[in-house]
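A.B. asks: File model.pdb follows (PDB, C-alpha atoms and all ligand atoms):
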```
ATOM      1  CA  MET A   1      82.767-105.150 -46.444
ATOM      2  CA  LYS A   2      81.546-107.902 -44.159
ATOM      3  CA  TYR A   3      78.542-108.343 -41.910
ATOM      4  CA  HIS A   4      78.095-109.924 -38.504
ATOM      5  CA  LEU A   5      74.648-111.472 -38.294
ATOM      6  CA  PRO A   6      74.232-112.741 -34.710
ATOM      7  CA  GLU A   7      70.873-114.370 -35.448
ATOM      8  CA  ALA A   8      70.716-115.410 -39.095
ATOM      9  CA  ARG A   9      67.657-117.590 -39.614
ATOM     10  CA  VAL A  10      67.745-121.147 -40.951
ATOM     11  CA  ILE A  11      65.237-121.497 -43.788
ATOM     12  CA  GLY A  12      65.745-125.211 -44.224
ATOM     13  CA  GLN A  13      68.245-127.975 -44.631
ATOM     14  CA  GLN A  14      68.333-131.340 -46.287
ATOM     15  CA  LEU A  15      70.535-134.397 -46.249
ATOM     16  CA  THR A  16      72.204-134.830 -49.640
ATOM     17  CA  GLY A  17      74.399-137.832 -48.792
ATOM     18  CA  GLN A  18      75.612-139.663 -45.704
ATOM     19  CA  GLY A  19      76.514-136.962 -43.144
ATOM     20  CA  ILE A  20      76.361-134.206 -45.771
ATOM     21  CA  TYR A  21      73.844-131.362 -45.620
ATOM     22  CA  LEU A  22      72.627-128.474 -47.748
ATOM     23  CA  LEU A  23      71.681-125.530 -45.557
ATOM     24  CA  ASN A  24      69.698-122.462 -46.645
ATOM     25  CA  ILE A  25      70.072-119.363 -44.485
ATOM     26  CA  LEU A  26      68.324-116.004 -44.709
ATOM     27  CA  ALA A  27      71.162-113.470 -44.967
ATOM     28  CA  PRO A  28      70.296-110.829 -47.593
ATOM     29  CA  GLU A  29      73.308-108.617 -46.787
ATOM     30  CA  ILE A  30      75.733-111.493 -47.339
ATOM     31  CA  ALA A  31      73.848-112.866 -50.363
ATOM     32  CA  ASP A  32      74.127-109.453 -52.051
ATOM     33  CA  LEU A  33      77.895-109.159 -51.617
ATOM     34  CA  ALA A  34      79.127-112.752 -51.810
ATOM     35  CA  GLN A  35      81.523-113.759 -54.592
ATOM     36  CA  PRO A  36      82.424-117.343 -55.508
ATOM     37  CA  GLY A  37      85.263-118.623 -53.315
ATOM     38  CA  GLN A  38      84.301-116.510 -50.318
ATOM     39  CA  PHE A  39      83.156-118.103 -47.081
ATOM     40  CA  VAL A  40      81.239-117.448 -43.896
ATOM     41  CA  ASN A  41      82.411-118.126 -40.351
ATOM     42  CA  ILE A  42      79.462-119.622 -38.573
ATOM     43  CA  ARG A  43      78.201-121.297 -35.397
ATOM     44  CA  SER A  44      74.936-122.535 -34.013
ATOM     45  CA  THR A  45      73.443-120.238 -31.374
ATOM     46  CA  ARG A  46      71.925-123.201 -29.467
ATOM     47  CA  GLN A  47      74.869-123.352 -27.056
ATOM     48  CA  LEU A  48      78.237-121.674 -26.436
ATOM     49  CA  ASP A  49      80.372-124.779 -26.912
ATOM     50  CA  PRO A  50      82.176-124.845 -29.301
ATOM     51  CA  LEU A  51      82.788-121.132 -28.982
ATOM     52  CA  LEU A  52      84.676-120.610 -32.230
ATOM     53  CA  ARG A  53      82.796-120.213 -35.471
ATOM     54  CA  ARG A  54      83.604-122.663 -38.297
ATOM     55  CA  PRO A  55      84.516-121.601 -41.872
ATOM     56  CA  LEU A  56      82.205-122.863 -44.638
ATOM     57  CA  SER A  57      82.276-121.883 -48.300
ATOM     58  CA  ILE A  58      79.285-120.169 -49.821
ATOM     59  CA  CYS A  59      78.099-122.722 -52.359
ATOM     60  CA  GLY A  60      75.306-120.600 -53.809
ATOM     61  CA  VAL A  61      73.151-117.531 -53.318
ATOM     62  CA  ASP A  62      69.599-116.543 -54.195
ATOM     63  CA  ARG A  63      69.776-112.745 -54.228
ATOM     64  CA  ASN A  64      66.023-112.346 -54.880
ATOM     65  CA  GLU A  65      65.162-114.354 -51.772
ATOM     66  CA  GLY A  66      68.158-113.087 -49.753
ATOM     67  CA  LEU A  67      69.436-116.634 -49.180
ATOM     68  CA  ILE A  68      72.886-118.128 -48.959
ATOM     69  CA  ARG A  69      73.470-121.854 -49.359
ATOM     70  CA  LEU A  70      76.122-123.939 -47.586
ATOM     71  CA  TRP A  71      76.982-127.559 -48.366
ATOM     72  CA  TYR A  72      78.881-129.222 -45.567
ATOM     73  CA  GLN A  73      79.943-132.517 -44.088
ATOM     74  CA  VAL A  74      79.552-133.347 -40.408
ATOM     75  CA  VAL A  75      83.064-134.027 -39.080
ATOM     76  CA  GLY A  76      82.978-132.767 -35.466
ATOM     77  CA  LYS A  77      81.044-130.881 -32.829
ATOM     78  CA  GLY A  78      80.473-127.615 -34.713
ATOM     79  CA  THR A  79      79.061-129.219 -37.840
ATOM     80  CA  GLN A  80      77.091-131.781 -35.794
ATOM     81  CA  LEU A  81      75.280-128.965 -33.954
ATOM     82  CA  MET A  82      74.647-127.234 -37.257
ATOM     83  CA  CYS A  83      72.995-130.245 -38.881
ATOM     84  CA  GLU A  84      70.492-130.503 -36.019
ATOM     85  CA  LEU A  85      69.143-126.996 -36.646
ATOM     86  CA  LEU A  86      65.504-126.741 -37.711
ATOM     87  CA  PRO A  87      63.848-124.038 -39.818
ATOM     88  CA  GLY A  88      63.460-120.857 -37.757
ATOM     89  CA  GLU A  89      66.476-121.554 -35.533
ATOM     90  CA  THR A  90      69.443-119.202 -35.706
ATOM     91  CA  LEU A  91      73.144-119.115 -36.498
ATOM     92  CA  ASP A  92      75.785-116.555 -35.593
ATOM     93  CA  MET A  93      77.604-115.714 -38.798
ATOM     94  CA  ILE A  94      80.225-113.346 -40.223
ATOM     95  CA  GLY A  95      80.596-112.928 -43.954
ATOM     96  CA  PRO A  96      81.273-112.781 -46.753
ATOM     97  CA  LEU A  97      84.923-113.403 -45.857
ATOM     98  CA  GLY A  98      88.177-113.824 -47.732
ATOM     99  CA  ARG A  99      89.376-113.286 -51.252
ATOM    100  CA  GLY A 100      87.337-115.265 -53.767
ATOM    101  CA  PHE A 101      88.103-116.541 -57.255
ATOM    102  CA  LYS A 102      88.975-114.087 -60.003
ATOM    103  CA  ALA A 103      86.131-114.881 -62.333
ATOM    104  CA  ASP A 104      85.950-111.777 -64.547
ATOM    105  CA  LEU A 105      86.236-113.791 -67.764
ATOM    106  CA  THR A 106      84.111-113.400 -70.877
ATOM    107  CA  GLY A 107      84.040-115.759 -73.841
ATOM    108  CA  LYS A 108      86.758-117.962 -72.330
ATOM    109  CA  LYS A 109      87.030-121.651 -71.526
ATOM    110  CA  ALA A 110      87.361-122.561 -67.851
ATOM    111  CA  GLY A 111      88.122-125.900 -66.193
ATOM    112  CA  LEU A 112      86.993-126.564 -62.614
ATOM    113  CA  ILE A 113      88.187-129.452 -60.471
ATOM    114  CA  GLY A 114      86.870-130.213 -56.996
ATOM    115  CA  GLY A 115      87.444-133.059 -54.570
ATOM    116  CA  GLY A 116      85.315-133.922 -51.522
ATOM    117  CA  MET A 117      83.733-130.898 -49.858
ATOM    118  CA  GLY A 118      86.107-128.743 -51.899
ATOM    119  CA  ILE A 119      83.401-129.002 -54.543
ATOM    120  CA  ALA A 120      81.228-126.544 -52.544
ATOM    121  CA  PRO A 121      82.760-123.219 -53.671
ATOM    122  CA  LEU A 122      83.038-124.471 -57.258
ATOM    123  CA  LEU A 123      79.246-124.924 -57.470
ATOM    124  CA  PHE A 124      78.815-121.177 -56.956
ATOM    125  CA  LEU A 125      81.748-120.390 -59.257
ATOM    126  CA  GLY A 126      80.565-122.719 -62.051
ATOM    127  CA  GLY A 127      77.133-121.080 -62.183
ATOM    128  CA  GLU A 128      78.604-117.581 -62.346
ATOM    129  CA  LEU A 129      81.261-118.404 -64.955
ATOM    130  CA  ALA A 130      78.746-120.195 -67.168
ATOM    131  CA  LYS A 131      76.835-116.924 -67.698
ATOM    132  CA  SER A 132      79.509-115.751 -70.141
ATOM    133  CA  ASN A 133      82.040-118.556 -70.617
ATOM    134  CA  SER A 134      82.315-122.187 -71.580
ATOM    135  CA  VAL A 135      82.817-124.266 -68.438
ATOM    136  CA  MET A 136      83.696-127.907 -67.782
ATOM    137  CA  ALA A 137      83.663-129.228 -64.224
ATOM    138  CA  PHE A 138      85.273-132.335 -62.729
ATOM    139  CA  PHE A 139      83.972-133.400 -59.328
ATOM    140  CA  GLY A 140      85.289-136.347 -57.360
ATOM    141  CA  GLY A 141      84.615-138.052 -54.061
ATOM    142  CA  ARG A 142      85.149-141.318 -52.262
ATOM    143  CA  ASN A 143      81.651-142.496 -53.239
ATOM    144  CA  ILE A 144      78.319-141.322 -54.663
ATOM    145  CA  GLU A 145      77.240-140.003 -51.238
ATOM    146  CA  GLN A 146      79.921-137.301 -51.454
ATOM    147  CA  LEU A 147      78.851-135.907 -54.813
ATOM    148  CA  PRO A 148      76.536-132.922 -55.330
ATOM    149  CA  LYS A 149      73.021-133.752 -56.486
ATOM    150  CA  GLN A 150      70.621-132.341 -59.092
ATOM    151  CA  GLY A 151      68.702-129.480 -57.551
ATOM    152  CA  PHE A 152      71.692-127.532 -56.293
ATOM    153  CA  MET A 153      74.115-128.243 -59.128
ATOM    154  CA  PRO A 154      74.619-125.349 -61.572
ATOM    155  CA  LYS A 155      73.663-126.158 -65.154
ATOM    156  CA  ILE A 156      77.181-126.832 -66.431
ATOM    157  CA  PRO A 157      78.766-129.828 -68.147
ATOM    158  CA  CYS A 158      80.256-132.010 -65.472
ATOM    159  CA  GLN A 159      82.186-135.269 -65.207
ATOM    160  CA  PHE A 160      82.137-137.260 -61.975
ATOM    161  CA  ALA A 161      84.659-139.655 -60.476
ATOM    162  CA  THR A 162      84.356-141.849 -57.386
ATOM    163  CA  GLU A 163      87.060-143.954 -55.804
ATOM    164  CA  ASP A 164      84.663-146.900 -55.313
ATOM    165  CA  GLY A 165      83.001-146.580 -58.729
ATOM    166  CA  THR A 166      79.480-145.902 -57.338
ATOM    167  CA  ALA A 167      79.124-142.961 -59.759
ATOM    168  CA  GLY A 168      80.975-141.849 -62.875
ATOM    169  CA  TYR A 169      84.549-142.835 -63.569
ATOM    170  CA  LYS A 170      86.061-145.289 -61.069
ATOM    171  CA  GLY A 171      89.270-143.695 -59.855
ATOM    172  CA  LEU A 172      90.686-140.301 -59.088
ATOM    173  CA  VAL A 173      89.131-137.132 -60.466
ATOM    174  CA  THR A 174      92.612-135.951 -61.449
ATOM    175  CA  ASP A 175      92.789-138.856 -63.971
ATOM    176  CA  LEU A 176      89.678-137.512 -65.745
ATOM    177  CA  PHE A 177      91.034-133.976 -65.586
ATOM    178  CA  ALA A 178      94.393-135.018 -67.062
ATOM    179  CA  LYS A 179      92.640-136.760 -69.989
ATOM    180  CA  TRP A 180      90.581-133.629 -70.665
ATOM    181  CA  LEU A 181      93.683-131.432 -70.665
ATOM    182  CA  GLU A 182      95.241-133.689 -73.308
ATOM    183  CA  GLN A 183      92.375-132.684 -75.662
ATOM    184  CA  GLU A 184      91.381-129.161 -74.608
ATOM    185  CA  SER A 185      93.123-125.834 -74.095
ATOM    186  CA  PRO A 186      91.286-123.954 -71.334
ATOM    187  CA  ASP A 187      92.183-120.348 -70.514
ATOM    188  CA  MET A 188      91.838-120.674 -66.749
ATOM    189  CA  LEU A 189      91.746-123.481 -64.182
ATOM    190  CA  TYR A 190      90.132-123.424 -60.725
ATOM    191  CA  ALA A 191      90.620-126.047 -58.010
ATOM    192  CA  CYS A 192      89.546-126.809 -54.462
ATOM    193  CA  GLY A 193      90.023-130.040 -52.561
ATOM    194  CA  PRO A 194      92.452-132.171 -50.601
ATOM    195  CA  LYS A 195      96.126-131.263 -50.714
ATOM    196  CA  GLY A 196      97.122-134.373 -52.692
ATOM    197  CA  MET A 197      94.627-133.450 -55.407
ATOM    198  CA  LEU A 198      95.818-129.828 -55.510
ATOM    199  CA  VAL A 199      99.448-130.912 -55.904
ATOM    200  CA  GLN A 200      98.494-133.000 -58.959
ATOM    201  CA  VAL A 201      96.447-130.154 -60.431
ATOM    202  CA  VAL A 202      99.330-127.697 -59.988
ATOM    203  CA  ARG A 203     101.626-130.155 -61.786
ATOM    204  CA  LEU A 204      99.176-130.420 -64.707
ATOM    205  CA  ALA A 205      98.580-126.654 -64.910
ATOM    206  CA  ARG A 206     102.328-126.036 -65.087
ATOM    207  CA  GLN A 207     102.802-128.802 -67.656
ATOM    208  CA  TYR A 208     100.244-127.145 -69.968
ATOM    209  CA  GLY A 209     101.072-123.546 -68.982
ATOM    210  CA  ILE A 210      97.522-122.692 -67.889
ATOM    211  CA  PRO A 211      96.868-120.187 -65.071
ATOM    212  CA  LEU A 212      95.403-121.867 -61.997
ATOM    213  CA  GLN A 213      93.630-120.535 -58.917
ATOM    214  CA  VAL A 214      93.461-122.803 -55.866
ATOM    215  CA  SER A 215      91.250-122.479 -52.812
ATOM    216  CA  LEU A 216      92.905-123.723 -49.618
ATOM    217  CA  GLU A 217      90.958-125.238 -46.716
ATOM    218  CA  ALA A 218      93.370-124.208 -43.960
ATOM    219  CA  VAL A 219      92.320-124.710 -40.360
ATOM    220  CA  MET A 220      90.935-121.346 -39.181
ATOM    221  CA  ALA A 221      89.908-119.707 -35.941
ATOM    222  CA  CYS A 222      88.900-116.018 -36.138
ATOM    223  CA  GLY A 223      88.414-115.993 -39.929
ATOM    224  CA  VAL A 224      89.123-112.260 -40.125
ATOM    225  CA  GLY A 225      92.917-111.935 -40.026
ATOM    226  CA  ALA A 226      93.355-111.372 -36.278
ATOM    227  CA  CYS A 227      94.681-114.634 -34.778
ATOM    228  CA  LEU A 228      97.317-115.872 -37.285
ATOM    229  CA  GLY A 229      95.761-119.342 -36.931
ATOM    230  CA  CYS A 230      95.589-119.906 -40.679
ATOM    231  CA  THR A 231      99.016-118.843 -41.962
ATOM    232  CA  CYS A 232     100.451-120.620 -44.972
ATOM    233  CA  ALA A 233     103.910-120.266 -46.491
ATOM    234  CA  LYS A 234     104.439-117.977 -49.460
ATOM    235  CA  SER A 235     105.854-119.738 -52.470
ATOM    236  CA  SER A 236     109.603-120.158 -52.163
ATOM    237  CA  LYS A 237     109.982-118.564 -55.619
ATOM    238  CA  ASP A 238     108.608-115.295 -54.229
ATOM    239  CA  GLU A 239     110.015-113.427 -51.256
ATOM    240  CA  GLU A 240     109.833-115.486 -48.061
ATOM    241  CA  GLY A 241     106.968-114.912 -45.690
ATOM    242  CA  TRP A 242     103.482-115.912 -44.673
ATOM    243  CA  LEU A 243      99.987-115.375 -45.951
ATOM    244  CA  LYS A 244      96.755-115.512 -43.996
ATOM    245  CA  ALA A 245      94.447-117.989 -45.686
ATOM    246  CA  CYS A 246      91.367-116.254 -44.241
ATOM    247  CA  GLN A 247      92.244-112.780 -45.482
ATOM    248  CA  ASP A 248      94.766-113.065 -48.336
ATOM    249  CA  GLY A 249      92.902-116.220 -49.496
ATOM    250  CA  PRO A 250      91.381-118.747 -49.285
ATOM    251  CA  VAL A 251      91.864-118.432 -53.065
ATOM    252  CA  PHE A 252      95.425-117.960 -54.332
ATOM    253  CA  TRP A 253      97.201-118.156 -57.656
ATOM    254  CA  GLU A 254      98.992-121.489 -57.504
ATOM    255  CA  GLN A 255     102.399-119.792 -57.719
ATOM    256  CA  GLU A 256     101.646-117.638 -54.649
ATOM    257  CA  VAL A 257     101.660-120.471 -52.094
ATOM    258  CA  ASP A 258     103.654-123.535 -51.208
ATOM    259  CA  LEU A 259     101.225-126.419 -50.992
TER     260      LEU A 259
HETATM  261  C1  LIG A 301      87.760-121.456 -46.222
HETATM  262  C2  LIG A 301      87.177-122.788 -45.807
HETATM  263  C3  LIG A 301      86.020-123.227 -46.413
HETATM  264  C4  LIG A 301      85.468-124.458 -46.051
HETATM  265  N1  LIG A 301      84.341-124.859 -46.680
HETATM  266  C5  LIG A 301      83.774-126.017 -46.350
HETATM  267  C6  LIG A 301      82.568-126.430 -46.973
HETATM  268  O1  LIG A 301      82.013-125.721 -47.842
HETATM  269  N2  LIG A 301      82.029-127.605 -46.601
HETATM  270  C7  LIG A 301      82.616-128.395 -45.644
HETATM  271  O2  LIG A 301      82.094-129.468 -45.360
HETATM  272  N3  LIG A 301      83.750-128.039 -45.020
HETATM  273  C8  LIG A 301      84.349-126.864 -45.341
HETATM  274  N4  LIG A 301      85.489-126.474 -44.689
HETATM  275  C9  LIG A 301      86.009-127.312 -43.584
HETATM  276  C10 LIG A 301      85.204-126.986 -42.301
HETATM  277  O3  LIG A 301      85.540-125.678 -41.880
HETATM  278  C11 LIG A 301      85.533-127.979 -41.168
HETATM  279  O4  LIG A 301      85.121-129.258 -41.552
HETATM  280  C12 LIG A 301      84.827-127.549 -39.881
HETATM  281  O5  LIG A 301      85.423-126.387 -39.374
HETATM  282  C13 LIG A 301      84.877-128.651 -38.844
HETATM  283  O6  LIG A 301      84.275-128.177 -37.662
HETATM  284  P1  LIG A 301      83.744-129.196 -36.555
HETATM  285  O7  LIG A 301      83.549-128.436 -35.296
HETATM  286  O8  LIG A 301      82.583-129.964 -37.050
HETATM  287  O9  LIG A 301      84.911-130.230 -36.414
HETATM  288  P2  LIG A 301      86.202-130.112 -35.472
HETATM  289  O10 LIG A 301      85.848-130.786 -34.181
HETATM  290  O11 LIG A 301      86.727-128.723 -35.429
HETATM  291  O12 LIG A 301      87.210-130.999 -36.287
HETATM  292  C14 LIG A 301      86.883-132.357 -36.626
HETATM  293  C15 LIG A 301      87.929-132.881 -37.576
HETATM  294  O13 LIG A 301      87.919-132.104 -38.800
HETATM  295  C16 LIG A 301      89.221-131.573 -39.021
HETATM  296  N5  LIG A 301      89.123-130.209 -39.564
HETATM  297  C17 LIG A 301      88.717-129.102 -38.916
HETATM  298  N6  LIG A 301      88.807-128.024 -39.715
HETATM  299  C18 LIG A 301      89.282-128.465 -40.897
HETATM  300  C19 LIG A 301      89.624-127.863 -42.127
HETATM  301  N7  LIG A 301      89.526-126.550 -42.316
HETATM  302  N8  LIG A 301      90.080-128.650 -43.122
HETATM  303  C20 LIG A 301      90.222-129.962 -42.954
HETATM  304  N9  LIG A 301      89.929-130.600 -41.818
HETATM  305  C21 LIG A 301      89.477-129.872 -40.795
HETATM  306  C22 LIG A 301      89.892-131.548 -37.678
HETATM  307  O14 LIG A 301      91.301-131.618 -37.808
HETATM  308  C23 LIG A 301      89.351-132.790 -37.021
HETATM  309  O15 LIG A 301      90.018-133.945 -37.450
HETATM  310  C24 LIG A 301      86.084-125.261 -45.042
HETATM  311  C25 LIG A 301      87.255-124.814 -44.441
HETATM  312  C26 LIG A 301      87.798-123.602 -44.821
HETATM  313  C27 LIG A 301      89.045-123.106 -44.169
HETATM  314  S1  LIG A 302      91.857-117.493 -38.999
HETATM  315 FE1  LIG A 302      92.586-115.920 -37.665
HETATM  316  S2  LIG A 302      94.073-114.943 -38.919
HETATM  317 FE2  LIG A 302      93.149-116.339 -40.278
END
```
Kindly present the structure from the file in structure tokens form.
C.D. replies:
Amino acid sequence: MKYHLPEARVIGQQLTGQGIYLLNILAPEIADLAQPGQFVNIRSTRQLDPLLRRPLSICGVDRNEGLIRLWYQVVGKGTQLMCELLPGETLDMIGPLGRGFKADLTGKKAGLIGGGMGIAPLLFLGGELAKSNSVMAFFGGRNIEQLPKQGFMPKIPCQFATEDGTAGYKGLVTDLFAKWLEQESPDMLYACGPKGMLVQVVRLARQYGIPLQVSLEAVMACGVGACLGCTCAKSSKDEEGWLKACQDGPVFWEQEVDL
């Protein structure tokens, strides 16, 4: 079930790092249904250009207040228009979309690894998993500006890495993750981030034989399975064919897709 909200109201937004914003939107229908890993397709209603909505992960919900939270980086026209929105202004939004993470674990140990804005869906996931599991998160970015801040971080143990050393470990988040896997035996791994990071995480998951779910940030247009703009190749081990990242994903078992 998904909703089209043509005039979802902005409750507020704040800058959390250079060019990175946390946006709260009143959308009780979507907040009620949303699962970690799902996304909304969204555009500012200020003007018609750009016409296409942009996909953004749901990074948190407040079901009592009917709010959804998005954490996004300004990279082009759509996100630039979005960051200028003031409380009371509106967004055209469809959601919740896509297949989220399988998170029906209890009493298990889960490892989360996110790079760049790929951290966004893992914030929602980490909070949900932590209700009944032990969770360790690894979040990396180019610098401290790209990392999530207290206030919208779930209360989970977390290790940070930055490429320039402005916060946490200086280097790649996959280095931290690999060291952790040498010591620990998690039951499930979850990842979202740049392709290079995902390739390393898949290699580690296979090395240790741990199931891994990956969320792919494919370029999308319609977001609802109609345009074929987001197809990705099925894993060569399975039958040949294509998957729609917006409908079959964005979350896949690592063995389902060819990165
Ligand atoms: C399922 C999904 C969830 C996402 N969640 C988030 C999120 O939580 N936070 C966030 O900041 N971003 C997220 N993204 C990426 C986000 O959708 C794009 O950054 C956004 O669409 C850019 O729109 P724009 O109009 O500002 O830029 P455009 O003018 O459309 O593009 C500007 C630049 O960004 C690149 N770009 C556009 N779309 C993507 C994409 N999907 N992946 C990588 N590069 C892209 C373009 O190639 C171009 O170089 C997500 C993408 C997907 C598919
Ligand atoms: S974005 Fe149109 S089919 Fe996936």
A.B. asks: Choose the residue, out of A:Ile144, A:Gly118, A:Phe152, A:Gly60, that has the smallest atom-to-atom separation from Ala191 (chain A); count only C-alpha atoms.
C.D. replies: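 Nearest candidate to Ala191 (chain A) out of A:Ile144, A:Gly118, A:Phe152, A:Gly60: A:Gly118.
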A.B. asks: Which residues are near ligand LIG 301 (chain A) in this structure, taking near to mean any atom at most 7 Å from a ligand atom and counting all atoms listed in the file? Format them as a list in words.
C.D. replies: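 After applying the 7 Å limit, what remains is Phe39, Arg54, Pro55, Leu56, Ser57, Ile58, Cys59, Leu70, Trp71, Tyr72, Gln73, Val74, Val75, Gly76, Lys77, Gly78, Thr79, Gln80, Met117, Gly118, Ala120, Pro121, Leu216, Glu217, Ala218, Val219, Met220, Cys246 and Pro250 of chain A.
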A.B. asks: I would like the residues chosen by the PyMOL selection byres (((not hetatm)) within 9 of (chain A and resi 302)) on the shown file; could you give them as an MDAnalysis selection string?
C.D. replies: chainID A and resid 55 218:231 243:248
A.B. asks: Could you state which residues are captured by the PyMOL selection byres (((chain A and resi 24-33) around 6) and not hetatm) in this file, as number ranges by chain?
C.D. replies: A: 9-12, 23, 34, 61, 63, 66-69, 96
A.B. asks: Between A:Gln200, A:Thr106, A:Gln255, A:Ser44, which is the closest to Phe177 (chain A) once you count all atoms listed in the file?
C.D. replies: A:Gln200
A.B. asks: Place a sphere of radius 9 Å on (80.4, -140.9, -52.2) in the file coordinates and name every protein, DNA or RNA residue with an atom inside or on its surface, counting all atoms listed in the file; give the answer as a compact mmCIF listing (two decimals) with C-alpha atoms, in the coordinates of the input.
C.D. replies:
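What landed in selection.txt:
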```txt
# COMPACT_ATOMS: atom_id res chain seq x y z
CA GLY A 17 74.40 -137.83 -48.79
CA GLN A 18 75.61 -139.66 -45.70
CA GLY A 116 85.32 -133.92 -51.52
CA GLY A 140 85.29 -136.35 -57.36
CA GLY A 141 84.62 -138.05 -54.06
CA ARG A 142 85.15 -141.32 -52.26
CA ASN A 143 81.65 -142.50 -53.24
CA ILE A 144 78.32 -141.32 -54.66
CA GLU A 145 77.24 -140.00 -51.24
CA GLN A 146 79.92 -137.30 -51.45
CA LEU A 147 78.85 -135.91 -54.81
CA THR A 162 84.36 -141.85 -57.39
CA GLU A 163 87.06 -143.95 -55.80
CA ASP A 164 84.66 -146.90 -55.31
CA THR A 166 79.48 -145.90 -57.34
CA ALA A 167 79.12 -142.96 -59.76
```
A.B. asks: Could you give me, as a list in words, the residues within 12 Å of Lys131 (chain A), counting only C-alpha atoms and dropping anything in the same chain fewer than 5 positions from it?
C.D. replies: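 Those residues are Ala103, Asp104, Leu105, Thr106, Gly107, Lys108, Lys109, Ala110, Phe124, Leu125, Gly126, Pro154, Lys155 and Ile156 of chain A.
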A.B. asks: Using the chain letters and numbers from the file, which residues does the PyMOL selection byres (((chain A and resi 234) around 6) and not hetatm) grab, as a list in words?
C.D. replies: Ala233, Ser235, Gly241, Trp242, Glu256, Val257 and Asp258 of chain A
A.B. asks: Find the residues with any atom within 12 Å of (90.7, -137.3, -69.0); use all atoms listed in the file and the coordinates as given in the file, and write the answer as a ChimeraX atom specification.
C.D. replies: /A:113,136-138,159-161,169,171-184,204
A.B. asks: Rounded to one decimal place, report the CA of Gly100 (chain A)-CA of Glu7 (chain A) distance in Å.
C.D. replies: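 Calculated distance between CA of Gly100 (chain A) and CA of Glu7 (chain A) is 24.6 Å.
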A.B. asks: Quick one: residues within 9 Å of Leu85 (chain A), all atoms listed in the file, excluding same-chain residues fewer than 2 positions away - as a CSV table (one decimal) with C-alpha atoms, in the frame of the given file?
C.D. replies:
```csv
chain,number,residue,atom,x,y,z
A,10,VAL,CA,67.7,-121.1,-41.0
A,12,GLY,CA,65.7,-125.2,-44.2
A,13,GLN,CA,68.2,-128.0,-44.6
A,44,SER,CA,74.9,-122.5,-34.0
A,46,ARG,CA,71.9,-123.2,-29.5
A,81,LEU,CA,75.3,-129.0,-34.0
A,82,MET,CA,74.6,-127.2,-37.3
A,83,CYS,CA,73.0,-130.2,-38.9
A,87,PRO,CA,63.8,-124.0,-39.8
A,88,GLY,CA,63.5,-120.9,-37.8
A,89,GLU,CA,66.5,-121.6,-35.5
A,90,THR,CA,69.4,-119.2,-35.7
A,91,LEU,CA,73.1,-119.1,-36.5
```
A.B. asks: Could you tell me which of A:Gly111, A:Leu86, A:Met188, A:His4 comes closest to Pro157 (chain A) if we count all atoms listed in the file?
C.D. replies: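 Of A:Gly111, A:Leu86, A:Met188, A:His4, the one nearest Pro157 (chain A), counting all atoms listed in the file, is A:Gly111.
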A.B. asks: What does the structure give for the distance between CA of Gly114 (chain A) and CA of Gly193 (chain A), in Å to one decimal?
C.D. replies: 5.4 Å
A.B. asks: Kindly give the distance, in Å, that separates CA of Leu259 (chain A) and CA of Leu97 (chain A), rounded to a single decimal.
C.D. replies: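 Between CA of Leu259 (chain A) and CA of Leu97 (chain A) the gap works out to 21.5 Å.
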A.B. asks: Which of these residues is nearest to Gly209 (chain A), using all atoms listed in the file: A:Gly95, A:Pro186, A:Pro148, A:Pro36?
C.D. replies: A:Pro186
A.B. asks: I'd like to know which of A:Gln207, A:Asn133, A:Gly115, A:Leu212 is closest to Lys195 (chain A), using all atoms listed in the file.
C.D. replies: A:Gly115
A.B. asks: May I ask you to restore N, CA and C atoms in region 38-47 of chain A and write the result as a tab-separated table (two decimals), in the coordinates of the input?
C.D. replies:
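Final output, saved to result00.tsv:
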```
chain	number	residue	atom	x	y	z
A	38	GLN	N	84.35	-117.09	-51.66
A	38	GLN	CA	84.30	-116.51	-50.32
A	38	GLN	C	83.59	-117.47	-49.36
A	39	PHE	N	83.74	-117.21	-48.07
A	39	PHE	CA	83.16	-118.10	-47.08
A	39	PHE	C	82.50	-117.31	-45.96
A	40	VAL	N	81.77	-118.05	-45.12
A	40	VAL	CA	81.24	-117.45	-43.90
A	40	VAL	C	81.87	-118.18	-42.72
A	41	ASN	N	81.98	-117.50	-41.59
A	41	ASN	CA	82.41	-118.13	-40.35
A	41	ASN	C	81.17	-118.20	-39.49
A	42	ILE	N	80.83	-119.40	-39.03
A	42	ILE	CA	79.46	-119.62	-38.57
A	42	ILE	C	79.41	-120.59	-37.39
A	43	ARG	N	78.43	-120.34	-36.49
A	43	ARG	CA	78.20	-121.30	-35.40
A	43	ARG	C	76.72	-121.30	-35.02
A	44	SER	N	76.30	-122.42	-34.51
A	44	SER	CA	74.94	-122.54	-34.01
A	44	SER	C	74.80	-121.67	-32.77
A	45	THR	N	73.64	-121.04	-32.59
A	45	THR	CA	73.44	-120.24	-31.37
A	45	THR	C	72.78	-121.06	-30.27
A	46	ARG	N	72.59	-122.39	-30.50
A	46	ARG	CA	71.92	-123.20	-29.47
A	46	ARG	C	72.69	-123.25	-28.16
A	47	GLN	N	74.04	-123.28	-28.26
A	47	GLN	CA	74.87	-123.35	-27.06
A	47	GLN	C	76.21	-122.68	-27.32
```
